[in-house]
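Chemist: The following file, input30.cif, comprises mmCIF, C-alpha atoms and all ligand atoms:
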data_coords
#
loop_
_atom_site.group_PDB
_atom_site.id
_atom_site.type_symbol
_atom_site.label_atom_id
_atom_site.label_comp_id
_atom_site.auth_asym_id
_atom_site.auth_seq_id
_atom_site.Cartn_x
_atom_site.Cartn_y
_atom_site.Cartn_z
ATOM 1 C CA MET A 14 95.175 80.104 110.365
ATOM 2 C CA LEU A 15 96.000 83.307 112.225
ATOM 3 C CA SER A 16 96.113 83.617 116.025
ATOM 4 C CA VAL A 17 93.605 86.513 115.853
ATOM 5 C CA LYS A 18 89.954 86.839 114.795
ATOM 6 C CA HIS A 19 90.408 90.453 113.621
ATOM 7 C CA LEU A 20 93.324 92.316 112.056
ATOM 8 C CA LEU A 21 93.266 95.405 114.244
ATOM 9 C CA GLY A 22 96.964 96.199 114.559
ATOM 10 C CA ILE A 23 100.391 94.694 113.919
ATOM 11 C CA LYS A 24 100.971 94.837 117.681
ATOM 12 C CA GLU A 25 98.587 91.867 118.186
ATOM 13 C CA LEU A 26 100.179 89.678 115.475
ATOM 14 C CA THR A 27 102.808 87.022 116.152
ATOM 15 C CA VAL A 28 105.840 86.552 113.906
ATOM 16 C CA THR A 29 104.252 83.266 112.800
ATOM 17 C CA ASP A 30 101.080 85.163 111.784
ATOM 18 C CA ILE A 31 103.121 87.591 109.684
ATOM 19 C CA GLU A 32 105.127 84.796 108.044
ATOM 20 C CA GLN A 33 101.897 82.945 107.259
ATOM 21 C CA ILE A 34 100.419 86.077 105.672
ATOM 22 C CA PHE A 35 103.568 86.463 103.523
ATOM 23 C CA LYS A 36 103.527 82.799 102.454
ATOM 24 C CA THR A 37 99.846 83.018 101.528
ATOM 25 C CA ALA A 38 100.486 86.297 99.675
ATOM 26 C CA ASP A 39 103.256 84.541 97.681
ATOM 27 C CA ASN A 40 100.613 82.084 96.421
ATOM 28 C CA PHE A 41 98.089 84.818 95.652
ATOM 29 C CA LYS A 42 100.758 86.804 93.815
ATOM 30 C CA GLN A 43 101.082 83.865 91.432
ATOM 31 C CA VAL A 44 97.296 83.850 90.948
ATOM 32 C CA LEU A 45 97.469 87.564 90.105
ATOM 33 C CA GLN A 46 100.011 86.861 87.310
ATOM 34 C CA ARG A 47 97.568 84.511 85.579
ATOM 35 C CA GLN A 48 95.228 85.504 82.775
ATOM 36 C CA ILE A 49 92.246 84.680 85.020
ATOM 37 C CA LYS A 50 93.195 86.499 88.223
ATOM 38 C CA LYS A 51 90.392 85.058 90.342
ATOM 39 C CA VAL A 52 89.800 82.157 92.724
ATOM 40 C CA PRO A 53 86.359 81.137 94.029
ATOM 41 C CA THR A 54 87.582 80.637 97.626
ATOM 42 C CA LEU A 55 85.317 83.246 99.249
ATOM 43 C CA ARG A 56 82.250 82.949 97.059
ATOM 44 C CA ASP A 57 80.083 82.358 100.183
ATOM 45 C CA THR A 58 81.426 85.505 101.897
ATOM 46 C CA THR A 59 80.247 89.116 101.852
ATOM 47 C CA VAL A 60 82.657 91.889 102.801
ATOM 48 C CA ALA A 61 81.710 95.492 103.610
ATOM 49 C CA ASN A 62 84.322 98.196 103.057
ATOM 50 C CA ILE A 63 83.313 101.052 105.341
ATOM 51 C CA PHE A 64 85.393 104.182 104.915
ATOM 52 C CA PHE A 65 84.865 107.154 107.229
ATOM 53 C CA GLU A 66 88.003 108.833 105.824
ATOM 54 C CA ASN A 67 89.281 109.358 102.270
ATOM 55 C CA SER A 68 91.340 106.699 100.542
ATOM 56 C CA THR A 69 92.495 105.765 97.047
ATOM 57 C CA ARG A 70 94.982 102.896 97.339
ATOM 58 C CA THR A 71 93.705 101.038 100.398
ATOM 59 C CA ARG A 72 90.072 101.111 99.362
ATOM 60 C CA LEU A 73 90.656 99.993 95.769
ATOM 61 C CA SER A 74 93.187 97.411 96.860
ATOM 62 C CA PHE A 75 90.787 95.832 99.400
ATOM 63 C CA GLU A 76 87.936 95.834 96.891
ATOM 64 C CA LEU A 77 90.101 94.178 94.239
ATOM 65 C CA ALA A 78 91.436 91.640 96.763
ATOM 66 C CA GLU A 79 87.888 90.725 97.825
ATOM 67 C CA LYS A 80 86.690 90.401 94.222
ATOM 68 C CA ARG A 81 89.759 88.347 93.226
ATOM 69 C CA LEU A 82 88.794 85.941 96.042
ATOM 70 C CA GLY A 83 85.247 85.694 94.689
ATOM 71 C CA ALA A 84 83.587 87.503 97.622
ATOM 72 C CA ASP A 85 80.512 89.713 97.340
ATOM 73 C CA VAL A 86 81.457 93.309 98.123
ATOM 74 C CA VAL A 87 79.522 96.318 99.416
ATOM 75 C CA ASN A 88 81.090 99.757 99.780
ATOM 76 C CA PHE A 89 80.126 102.456 102.250
ATOM 77 C CA SER A 90 81.460 106.033 102.481
ATOM 78 C CA ALA A 91 80.607 108.258 105.427
ATOM 79 C CA SER A 92 80.082 111.180 103.039
ATOM 80 C CA GLY A 93 76.597 110.899 101.566
ATOM 81 C CA SER A 94 75.495 108.406 104.272
ATOM 82 C CA SER A 95 73.196 108.705 107.302
ATOM 83 C CA VAL A 96 76.246 109.393 109.499
ATOM 84 C CA SER A 97 75.588 113.063 108.688
ATOM 85 C CA LYS A 98 72.138 112.610 110.329
ATOM 86 C CA GLY A 99 73.743 111.567 113.612
ATOM 87 C CA GLU A 100 73.842 107.757 113.310
ATOM 88 C CA THR A 101 76.459 106.181 115.609
ATOM 89 C CA LEU A 102 79.315 103.951 114.436
ATOM 90 C CA ILE A 103 77.819 100.852 116.103
ATOM 91 C CA ASP A 104 74.356 101.507 114.612
ATOM 92 C CA THR A 105 75.851 102.071 111.162
ATOM 93 C CA VAL A 106 77.852 98.840 111.291
ATOM 94 C CA ASN A 107 75.052 96.757 112.863
ATOM 95 C CA ASN A 108 72.706 97.888 110.094
ATOM 96 C CA ILE A 109 75.254 96.818 107.483
ATOM 97 C CA LEU A 110 75.752 93.484 109.284
ATOM 98 C CA ALA A 111 71.968 92.906 109.405
ATOM 99 C CA MET A 112 72.201 92.585 105.616
ATOM 100 C CA LYS A 113 74.270 89.395 106.275
ATOM 101 C CA VAL A 114 77.769 90.768 105.917
ATOM 102 C CA ASP A 115 80.555 88.476 107.189
ATOM 103 C CA MET A 116 83.578 90.753 107.333
ATOM 104 C CA VAL A 117 84.145 94.484 107.775
ATOM 105 C CA VAL A 118 87.105 96.502 106.450
ATOM 106 C CA MET A 119 87.090 99.869 108.185
ATOM 107 C CA ARG A 120 88.996 103.128 107.922
ATOM 108 C CA HIS A 121 88.205 105.741 110.572
ATOM 109 C CA SER A 122 89.721 109.064 111.635
ATOM 110 C CA ALA A 123 89.428 108.129 115.328
ATOM 111 C CA SER A 124 92.372 106.170 116.728
ATOM 112 C CA GLY A 125 91.060 102.972 118.359
ATOM 113 C CA ALA A 126 87.743 102.862 116.446
ATOM 114 C CA PRO A 127 88.295 99.285 115.140
ATOM 115 C CA TRP A 128 89.112 97.997 118.676
ATOM 116 C CA PHE A 129 85.924 99.657 119.954
ATOM 117 C CA LEU A 130 83.884 98.066 117.171
ATOM 118 C CA ALA A 131 85.439 94.629 117.788
ATOM 119 C CA GLN A 132 83.932 94.664 121.295
ATOM 120 C CA HIS A 133 80.437 95.208 119.917
ATOM 121 C CA ILE A 134 80.082 93.083 116.777
ATOM 122 C CA ASP A 135 80.681 89.426 115.838
ATOM 123 C CA ALA A 136 82.043 89.849 112.306
ATOM 124 C CA SER A 137 85.812 89.905 111.652
ATOM 125 C CA ILE A 138 87.171 93.429 111.369
ATOM 126 C CA ILE A 139 90.178 94.524 109.338
ATOM 127 C CA ASN A 140 91.638 97.900 110.248
ATOM 128 C CA ALA A 141 92.272 99.906 107.050
ATOM 129 C CA GLY A 142 93.816 102.773 109.053
ATOM 130 C CA ASP A 143 92.609 104.340 112.313
ATOM 131 C CA GLY A 144 93.545 107.952 112.997
ATOM 132 C CA THR A 145 97.216 108.285 113.938
ATOM 133 C CA ASN A 146 97.364 104.781 115.374
ATOM 134 C CA GLU A 147 97.810 101.774 113.034
ATOM 135 C CA HIS A 148 97.546 100.823 109.366
ATOM 136 C CA PRO A 149 98.407 97.120 109.574
ATOM 137 C CA THR A 150 97.923 96.042 105.948
ATOM 138 C CA GLN A 151 100.152 98.935 104.794
ATOM 139 C CA ALA A 152 102.937 97.755 107.121
ATOM 140 C CA LEU A 153 102.504 94.159 105.942
ATOM 141 C CA LEU A 154 102.733 95.142 102.277
ATOM 142 C CA ASP A 155 105.719 97.384 103.022
ATOM 143 C CA ALA A 156 107.608 94.608 104.837
ATOM 144 C CA TYR A 157 106.595 92.107 102.132
ATOM 145 C CA SER A 158 107.964 94.461 99.440
ATOM 146 C CA ILE A 159 111.292 94.781 101.287
ATOM 147 C CA ARG A 160 111.447 90.979 101.725
ATOM 148 C CA GLU A 161 110.789 90.582 97.988
ATOM 149 C CA LYS A 162 113.634 92.972 97.134
ATOM 150 C CA LEU A 163 116.217 92.007 99.787
ATOM 151 C CA GLY A 164 115.309 88.392 100.573
ATOM 152 C CA SER A 165 114.697 88.911 104.283
ATOM 153 C CA LEU A 166 114.089 91.626 106.850
ATOM 154 C CA LYS A 167 116.559 90.273 109.388
ATOM 155 C CA GLY A 168 119.357 92.760 110.032
ATOM 156 C CA LYS A 169 118.176 95.146 107.295
ATOM 157 C CA ARG A 170 118.335 98.836 108.197
ATOM 158 C CA VAL A 171 115.132 100.708 107.457
ATOM 159 C CA THR A 172 114.816 104.462 107.943
ATOM 160 C CA ILE A 173 111.330 105.990 108.187
ATOM 161 C CA ILE A 174 111.463 109.672 107.269
ATOM 162 C CA GLY A 175 108.986 112.501 107.826
ATOM 163 C CA ASP A 176 105.847 113.048 109.854
ATOM 164 C CA ILE A 177 106.285 110.207 112.336
ATOM 165 C CA MET A 178 104.075 111.957 114.903
ATOM 166 C CA HIS A 179 100.850 111.731 112.872
ATOM 167 C CA SER A 180 101.584 108.579 110.922
ATOM 168 C CA ARG A 181 99.740 105.286 111.474
ATOM 169 C CA VAL A 182 101.981 103.888 108.718
ATOM 170 C CA ALA A 183 105.054 104.706 110.827
ATOM 171 C CA LEU A 184 103.748 102.983 113.963
ATOM 172 C CA SER A 185 102.583 99.829 112.173
ATOM 173 C CA ASN A 186 105.856 99.716 110.216
ATOM 174 C CA ILE A 187 107.885 100.031 113.420
ATOM 175 C CA PHE A 188 105.989 97.128 115.066
ATOM 176 C CA CYS A 189 106.203 94.957 111.938
ATOM 177 C CA LEU A 190 109.851 95.609 111.040
ATOM 178 C CA LEU A 191 111.085 95.089 114.602
ATOM 179 C CA LYS A 192 109.127 91.824 114.913
ATOM 180 C CA LEU A 193 110.833 90.619 111.707
ATOM 181 C CA GLY A 194 114.334 91.495 112.950
ATOM 182 C CA ALA A 195 115.023 94.734 111.022
ATOM 183 C CA GLU A 196 116.797 97.736 112.565
ATOM 184 C CA VAL A 197 114.601 100.826 112.428
ATOM 185 C CA THR A 198 115.605 104.503 112.506
ATOM 186 C CA VAL A 199 113.149 107.394 112.407
ATOM 187 C CA SER A 200 114.180 110.742 110.951
ATOM 188 C CA GLY A 201 112.648 114.173 110.390
ATOM 189 C CA PRO A 202 112.111 117.450 112.215
ATOM 190 C CA PRO A 203 112.100 117.137 116.036
ATOM 191 C CA THR A 204 108.596 118.638 116.067
ATOM 192 C CA LEU A 205 107.299 115.715 114.001
ATOM 193 C CA ILE A 206 108.993 112.935 115.985
ATOM 194 C CA PRO A 207 107.261 111.828 119.218
ATOM 195 C CA LYS A 208 109.476 112.387 122.299
ATOM 196 C CA HIS A 209 109.347 108.794 123.553
ATOM 197 C CA VAL A 210 109.542 106.983 120.217
ATOM 198 C CA ALA A 211 112.956 105.467 121.135
ATOM 199 C CA SER A 212 111.215 103.410 123.846
ATOM 200 C CA LEU A 213 109.662 101.361 121.007
ATOM 201 C CA GLY A 214 113.173 100.142 120.127
ATOM 202 C CA VAL A 215 113.998 102.495 117.247
ATOM 203 C CA LYS A 216 116.924 104.896 116.758
ATOM 204 C CA VAL A 217 116.288 108.600 116.213
ATOM 205 C CA GLU A 218 118.402 110.626 113.732
ATOM 206 C CA TYR A 219 117.175 114.154 113.068
ATOM 207 C CA ASN A 220 119.636 114.651 110.196
ATOM 208 C CA VAL A 221 118.000 113.036 107.145
ATOM 209 C CA LYS A 222 121.265 112.889 105.160
ATOM 210 C CA LYS A 223 122.969 110.924 107.983
ATOM 211 C CA ALA A 224 119.929 108.671 108.330
ATOM 212 C CA LEU A 225 120.096 107.884 104.607
ATOM 213 C CA GLU A 226 123.827 107.121 104.824
ATOM 214 C CA ASN A 227 123.111 104.342 107.319
ATOM 215 C CA CYS A 228 120.200 102.495 105.764
ATOM 216 C CA ASP A 229 119.301 99.907 103.134
ATOM 217 C CA VAL A 230 115.745 101.180 102.720
ATOM 218 C CA ALA A 231 114.157 104.619 103.176
ATOM 219 C CA ASN A 232 110.390 104.730 103.682
ATOM 220 C CA VAL A 233 109.434 108.366 103.110
ATOM 221 C CA LEU A 234 106.146 109.551 104.630
ATOM 222 C CA ARG A 235 103.698 112.279 103.727
ATOM 223 C CA ILE A 236 103.414 115.451 105.769
ATOM 224 C CA GLN A 237 99.909 115.154 107.202
ATOM 225 C CA LEU A 238 98.875 118.803 107.280
ATOM 226 C CA GLU A 239 95.244 117.789 107.875
ATOM 227 C CA ARG A 240 96.235 116.356 111.292
ATOM 228 C CA GLN A 241 98.462 119.267 112.353
ATOM 229 C CA HIS A 242 96.365 121.662 114.414
ATOM 230 C CA LYS A 243 99.205 124.175 114.813
ATOM 231 C CA PRO A 244 102.244 124.797 112.563
ATOM 232 C CA LEU A 245 105.062 122.322 113.310
ATOM 233 C CA PHE A 246 107.530 123.705 110.741
ATOM 234 C CA SER A 247 107.760 127.098 109.006
ATOM 235 C CA THR A 248 106.941 126.408 105.362
ATOM 236 C CA LEU A 249 106.719 123.467 102.964
ATOM 237 C CA ARG A 250 109.694 124.973 101.109
ATOM 238 C CA GLU A 251 111.780 124.874 104.274
ATOM 239 C CA TYR A 252 110.627 121.302 104.991
ATOM 240 C CA SER A 253 111.631 120.229 101.498
ATOM 241 C CA LEU A 254 115.013 121.945 101.828
ATOM 242 C CA TYR A 255 115.987 120.277 105.122
ATOM 243 C CA TYR A 256 113.993 117.031 105.226
ATOM 244 C CA GLY A 257 112.898 116.283 101.653
ATOM 245 C CA VAL A 258 114.595 113.411 99.812
ATOM 246 C CA ASN A 259 116.088 114.480 96.476
ATOM 247 C CA ARG A 260 118.335 113.062 93.743
ATOM 248 C CA GLN A 261 121.446 114.959 94.859
ATOM 249 C CA MET A 262 121.187 113.422 98.323
ATOM 250 C CA LEU A 263 120.854 109.884 96.964
ATOM 251 C CA ASP A 264 123.712 110.339 94.491
ATOM 252 C CA SER A 265 126.028 111.381 97.321
ATOM 253 C CA LEU A 266 125.465 108.091 99.210
ATOM 254 C CA LYS A 267 128.041 105.272 99.036
ATOM 255 C CA LYS A 268 125.393 102.683 98.089
ATOM 256 C CA GLU A 269 122.108 102.550 96.216
ATOM 257 C CA ILE A 270 119.243 102.360 98.679
ATOM 258 C CA ILE A 271 115.603 101.380 98.132
ATOM 259 C CA ILE A 272 113.016 104.172 98.211
ATOM 260 C CA MET A 273 109.473 103.552 99.448
ATOM 261 C CA HIS A 274 106.430 105.726 100.051
ATOM 262 C CA PRO A 275 102.938 104.578 101.120
ATOM 263 C CA GLY A 276 101.234 107.295 99.036
ATOM 264 C CA PRO A 277 99.719 109.745 98.432
ATOM 265 C CA ILE A 278 102.994 111.590 97.653
ATOM 266 C CA ASN A 279 103.377 115.325 98.076
ATOM 267 C CA ARG A 280 105.797 115.651 95.147
ATOM 268 C CA GLY A 281 108.460 118.285 95.726
ATOM 269 C CA VAL A 282 107.829 118.293 99.489
ATOM 270 C CA GLU A 283 108.918 115.016 101.155
ATOM 271 C CA LEU A 284 110.020 113.403 97.887
ATOM 272 C CA ASN A 285 111.163 114.795 94.547
ATOM 273 C CA SER A 286 109.869 113.289 91.303
ATOM 274 C CA ASP A 287 113.388 112.314 90.165
ATOM 275 C CA VAL A 288 113.508 110.010 93.204
ATOM 276 C CA ALA A 289 109.866 108.869 93.288
ATOM 277 C CA ASP A 290 110.007 107.818 89.622
ATOM 278 C CA SER A 291 113.566 106.450 89.627
ATOM 279 C CA LYS A 292 114.632 102.802 89.400
ATOM 280 C CA GLN A 293 115.471 102.892 93.112
ATOM 281 C CA SER A 294 111.797 103.462 93.904
ATOM 282 C CA ILE A 295 109.545 100.467 94.646
ATOM 283 C CA ILE A 296 106.457 102.606 95.269
ATOM 284 C CA LEU A 297 104.332 100.920 92.598
ATOM 285 C CA ASP A 298 105.574 97.462 93.671
ATOM 286 C CA GLN A 299 104.188 98.306 97.109
ATOM 287 C CA VAL A 300 100.801 99.052 95.542
ATOM 288 C CA GLU A 301 100.899 95.839 93.482
ATOM 289 C CA ASN A 302 101.835 93.751 96.527
ATOM 290 C CA GLY A 303 99.014 95.351 98.510
ATOM 291 C CA VAL A 304 96.403 93.308 96.632
ATOM 292 C CA ALA A 305 98.137 89.967 97.341
ATOM 293 C CA ILE A 306 98.710 90.882 101.000
ATOM 294 C CA ARG A 307 95.055 91.893 101.467
ATOM 295 C CA MET A 308 93.883 88.707 99.714
ATOM 296 C CA ALA A 309 96.032 86.737 102.176
ATOM 297 C CA VAL A 310 94.687 88.586 105.230
ATOM 298 C CA ILE A 311 91.028 88.213 104.158
ATOM 299 C CA TYR A 312 91.519 84.548 103.251
ATOM 300 C CA LEU A 313 93.248 83.674 106.543
ATOM 301 C CA LEU A 314 90.689 85.580 108.651
ATOM 302 C CA SER A 315 87.807 83.928 106.817
ATOM 303 C CA GLY A 316 89.175 80.538 107.958
ATOM 304 C CA LYS A 317 89.061 81.834 111.520
ATOM 305 C CA ARG A 318 85.442 82.826 110.976
ATOM 306 C CA GLU A 319 84.443 79.355 109.741
ATOM 307 C CA VAL A 320 85.718 77.500 112.798
ATOM 308 C CA GLU A 321 84.222 79.830 115.374
HETATM 309 N N1 LIG B 401 98.661 104.304 101.671
HETATM 310 C C1 LIG B 401 97.371 104.679 101.895
HETATM 311 O O1 LIG B 401 96.775 104.378 102.950
HETATM 312 O O2 LIG B 401 96.812 105.407 100.880
HETATM 313 P P1 LIG B 401 95.279 105.836 100.790
HETATM 314 O O3 LIG B 401 95.042 106.857 101.887
HETATM 315 O O4 LIG B 401 95.088 106.398 99.428
HETATM 316 O O5 LIG B 401 94.451 104.606 101.037
#
Starting from the file, lay out its structure as structure tokens.

Modeler:
Amino acid sequence: MLSVKHLLGIKELTVTDIEQIFKTADNFKQVLQRQIKKVPTLRDTTVANIFFENSTRTRLSFELAEKRLGADVVNFSASGSSVSKGETLIDTVNNILAMKVDMVVMRHSASGAPWFLAQHIDASIINAGDGTNEHPTQALLDAYSIREKLGSLKGKRVTIIGDIMHSRVALSNIFCLLKLGAEVTVSGPPTLIPKHVASLGVKVEYNVKKALENCDVANVLRIQLERQHKPLFSTLREYSLYYGVNRQMLDSLKKEIIIMHPGPINRGVELNSDVADSKQSIILDQVENGVAIRMAVIYLLSGKREVE
């Protein structure tokens, strides 16, 4: 069982929690290889996926994880709902819970929204990404994918490249990787790297080529233009030229590194197709592992629910 009732952020998890999630995900990964990819473990549980912001991977991955565990699933999107009529977040969620929902998976554009909700409702909440703050299941599946490839995170050098400033994936990855003993470097344009990020325990290297030379894994992030309220670099072409990861760069390195990306990819901007689709890339392994990780999180939190 986990030490927490909700999965709000990686910050609140212990190393034991993370290791337990990985061990449980190992078991679920085996289930997912079978012809019948389902277990009836959560057949008495109803999960609501409430998404106030767009998503492809996270939303589908949670829904599949819930269905693979035998749970009943309801999906809610802010667009087309009564949110447009002025209904508050708490009213929306309480109305969904009144229909006897046990667990809520929520994505919201406001940083902190899941913590706010956790103070007002009884059901377990899983944060599926809140604003520029945290995206805990993404960080768990990223770390799990590195562990799968390299055996362990301890002492491994992971560079996170790109829009660190607006990325909830970056923050959750930093918390998760450091907890598991990896060395983390962030790289990208100075305008997209928060000034005090080093205080989290990471190195900062503005030169992407140098950052790549000193890592085992590069996790390349999307430029989040929708969160940039004023221009933070001149043009996408310039960004790609100075900070984009391309084949030539990788071929000039002394060793073959692992390439990751949480998706969606801006091809030709932060990552070229000849890298994204190469054998060094584990981008689709990340997506595959996401289902097992989310099954593990839901399963472990549902145990917490039963004893409380
Ligand atoms: N990685 C990720 O969060 O992707 P989506 O926005 O498509 O869910």

Chemist: Which chains and residue numbers are within 7 Å of ligand LIG 401 (chain B), counting all atoms listed in the file, if I want them as a ChimeraX atom specification?

Modeler: /A:67-72,142,151,275-277

Chemist: Write the residues of the selection above to a file with C-alpha atoms, as a short mmCIF file (atom, residue, chain, number, x, y, z; two decimals), keeping the file's coordinate frame.

Modeler:
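Ended up saving to selection-v7.cif:
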data_model
loop_
_atom_site.label_atom_id
_atom_site.label_comp_id
_atom_site.auth_asym_id
_atom_site.auth_seq_id
_atom_site.Cartn_x
_atom_site.Cartn_y
_atom_site.Cartn_z
CA ASN A 67 89.28 109.36 102.27
CA SER A 68 91.34 106.70 100.54
CA THR A 69 92.50 105.76 97.05
CA ARG A 70 94.98 102.90 97.34
CA THR A 71 93.70 101.04 100.40
CA ARG A 72 90.07 101.11 99.36
CA GLY A 142 93.82 102.77 109.05
CA GLN A 151 100.15 98.94 104.79
CA PRO A 275 102.94 104.58 101.12
CA GLY A 276 101.23 107.30 99.04
CA PRO A 277 99.72 109.74 98.43
#

Chemist: Evaluate the PyMOL selection byres (((chain A and resi 170) around 7) and not hetatm) and record the selected residues as a list of chain:residue names, following the chain and residue labels used in the document.

Modeler: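 Output from the PyMOL selection byres (((chain A and resi 170) around 7) and not hetatm), applied to this file: A:Gly168, A:Lys169, A:Val171, A:Thr172, A:Ala195, A:Glu196, A:Val197, A:Cys228, A:Asp229, A:Val230.
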
Chemist: For those residues, write C-alpha atoms to a file as a short mmCIF file (atom, residue, chain, number, x, y, z; two decimals), keeping the file's coordinate frame.

Modeler:
data_model
loop_
_atom_site.label_atom_id
_atom_site.label_comp_id
_atom_site.auth_asym_id
_atom_site.auth_seq_id
_atom_site.Cartn_x
_atom_site.Cartn_y
_atom_site.Cartn_z
CA GLY A 168 119.36 92.76 110.03
CA LYS A 169 118.18 95.15 107.30
CA VAL A 171 115.13 100.71 107.46
CA THR A 172 114.82 104.46 107.94
CA ALA A 195 115.02 94.73 111.02
CA GLU A 196 116.80 97.74 112.56
CA VAL A 197 114.60 100.83 112.43
CA CYS A 228 120.20 102.50 105.76
CA ASP A 229 119.30 99.91 103.13
CA VAL A 230 115.74 101.18 102.72
#

Chemist: For this file, the PyMOL selection byres (((chain A and resi 119) around 7) and not hetatm) selects which residues, as JSON, numbers by chain?

Modeler: {"A": [62, 63, 64, 117, 118, 120, 121, 139, 140, 141]}

Chemist: Given the file shown, determine the residues that the PyMOL selection byres (((chain A and resi 85) around 10) and not hetatm) selects; report them as a ChimeraX atom specification.

Modeler: /A:55-61,76,79-80,82-84,86-87,114-115

Chemist: Record the distance separating CA of Val199 (chain A) and CA of His274 (chain A), expressed in Å with one decimal.

Modeler: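 Computing the Euclidean distance for CA of Val199 (chain A) and CA of His274 (chain A) yields 14.2 Å.
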
Chemist: Record the distance separating CA of Lys243 (chain A) and CA of Gly125 (chain A), expressed in Å with one decimal.

Modeler: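 Separation of CA of Lys243 (chain A) and CA of Gly125 (chain A): 23.0 Å.
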
Chemist: Taking (111.0, 92.4, 105.5) in the file's own coordinates, collect the residues within 7 Å, counting only C-alpha atoms, and hand them back as a PDB file with C-alpha atoms, in the frame of the given file.

Modeler:
ATOM      1  CA  ALA A 156     107.608  94.608 104.837  1.00  0.00           C
ATOM      2  CA  TYR A 157     106.595  92.107 102.132  1.00  0.00           C
ATOM      3  CA  ILE A 159     111.292  94.781 101.287  1.00  0.00           C
ATOM      4  CA  ARG A 160     111.447  90.979 101.725  1.00  0.00           C
ATOM      5  CA  SER A 165     114.697  88.911 104.283  1.00  0.00           C
ATOM      6  CA  LEU A 166     114.089  91.626 106.850  1.00  0.00           C
ATOM      7  CA  LEU A 190     109.851  95.609 111.040  1.00  0.00           C
ATOM      8  CA  LEU A 193     110.833  90.619 111.707  1.00  0.00           C
TER       9      LEU A 193
END

Chemist: Kindly indicate which residue among A:Gln33, A:Gln293, A:Gln241, A:Thr105 lies nearest to Leu153 (chain A), using only C-alpha atoms for the distances.

Modeler: A:Gln33

Chemist: Could you check which of A:Leu263, A:Ile173, A:Leu254, A:Met308 is closest to Val52 (chain A), using all atoms listed in the file?

Modeler: A:Met308

Chemist: What is the CA of Ser94 (chain A) to CA of Leu20 (chain A) distance in Å?

Modeler: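 Separation between CA of Ser94 (chain A) and CA of Leu20 (chain A): 25.2 Å.
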
Chemist: Report as a list of chain:residue names all protein, DNA and RNA residues lying within 9 Å of Arg250 (chain A), evaluated on only C-alpha atoms, omitting residues in the same chain fewer than 4 positions from it.

Modeler: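 Surrounding residues, per the criterion: A:Leu254, A:Tyr255, A:Gly281, A:Val282.
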
Chemist: Kindly indicate which residue among A:Val300, A:Leu213, A:Leu205, A:Ile34 lies nearest to Arg240 (chain A), using all atoms listed in the file for the distances.

Modeler: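 Among A:Val300, A:Leu213, A:Leu205, A:Ile34, it is A:Leu205 that comes nearest to Arg240 (chain A).
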
Chemist: Determine, counting all atoms listed in the file, which protein, DNA and RNA residues have an atom within 10 Å of an atom of Ala78 (chain A); residues of the same chain fewer than 4 positions away are not included. Present the result as a list of chain:residue names.

Modeler: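 Close residues of Ala78 (chain A): A:Phe41, A:Leu45, A:Lys51, A:Arg72, A:Leu73, A:Ser74, A:Leu82, A:Gly83, A:Ala84, A:Gly303, A:Val304, A:Ala305, A:Ile306, A:Arg307, A:Met308, A:Ala309, A:Val310, A:Ile311, A:Tyr312.
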
Chemist: I want to know what sits within 12 Å of Glu269 (chain A), based on only C-alpha atoms, with residues of the same chain fewer than 3 positions away left out; could you give that as a ChimeraX atom specification?

Modeler: /A:225-231,260,262-266,272,288,291-294

Chemist: What would the list of residues within 10 Å of (105.3, 98.0, 110.8) (file frame) look like as a list in words, if all atoms listed in the file are what count?

Modeler: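 Within 10 Å of (105.3, 98.0, 110.8), the protein and nucleic acid residues are Gly22, Ile23, Lys24, Glu147, His148, Pro149, Thr150, Gln151, Ala152, Leu153, Leu154, Asp155, Ala156, Arg181, Val182, Ala183, Leu184, Ser185, Asn186, Ile187, Phe188, Cys189, Leu190, Leu191, Lys192, Leu193 and Val197 of chain A.
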
Chemist: Which polymer residues have any atom within 10 Å of an atom of Ser16 (chain A), counting all atoms listed in the file, with same-chain residues fewer than 3 positions away left out, as an mmCIF file with C-alpha atoms, in the frame of the given file?

Modeler:
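This went into around23.cif:
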data_model
loop_
_atom_site.group_PDB
_atom_site.id
_atom_site.type_symbol
_atom_site.label_atom_id
_atom_site.label_comp_id
_atom_site.auth_asym_id
_atom_site.auth_seq_id
_atom_site.Cartn_x
_atom_site.Cartn_y
_atom_site.Cartn_z
ATOM 1 C CA HIS A 19 90.408 90.453 113.621
ATOM 2 C CA LEU A 20 93.324 92.316 112.056
ATOM 3 C CA GLU A 25 98.587 91.867 118.186
ATOM 4 C CA LEU A 26 100.179 89.678 115.475
ATOM 5 C CA THR A 27 102.808 87.022 116.152
ATOM 6 C CA THR A 29 104.252 83.266 112.800
ATOM 7 C CA ASP A 30 101.080 85.163 111.784
ATOM 8 C CA LEU A 313 93.248 83.674 106.543
ATOM 9 C CA LEU A 314 90.689 85.580 108.651
ATOM 10 C CA LYS A 317 89.061 81.834 111.520
#

Chemist: Quick one: residues within 6 Å of Glu218 (chain A), all atoms listed in the file counted, chain neighbours fewer than 2 positions away excluded, as a list in words?

Modeler: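 What passes the distance filter is Ser200, Asn220 and Ala224 of chain A.
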
Chemist: Ranking A:Asp39, A:Leu238, A:Asn259, A:Thr198 by minimum distance to Lys216 (chain A) and counting only C-alpha atoms, which one comes first?

Modeler: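 Among the listed residues, the smallest separation from Lys216 (chain A) belongs to A:Thr198.
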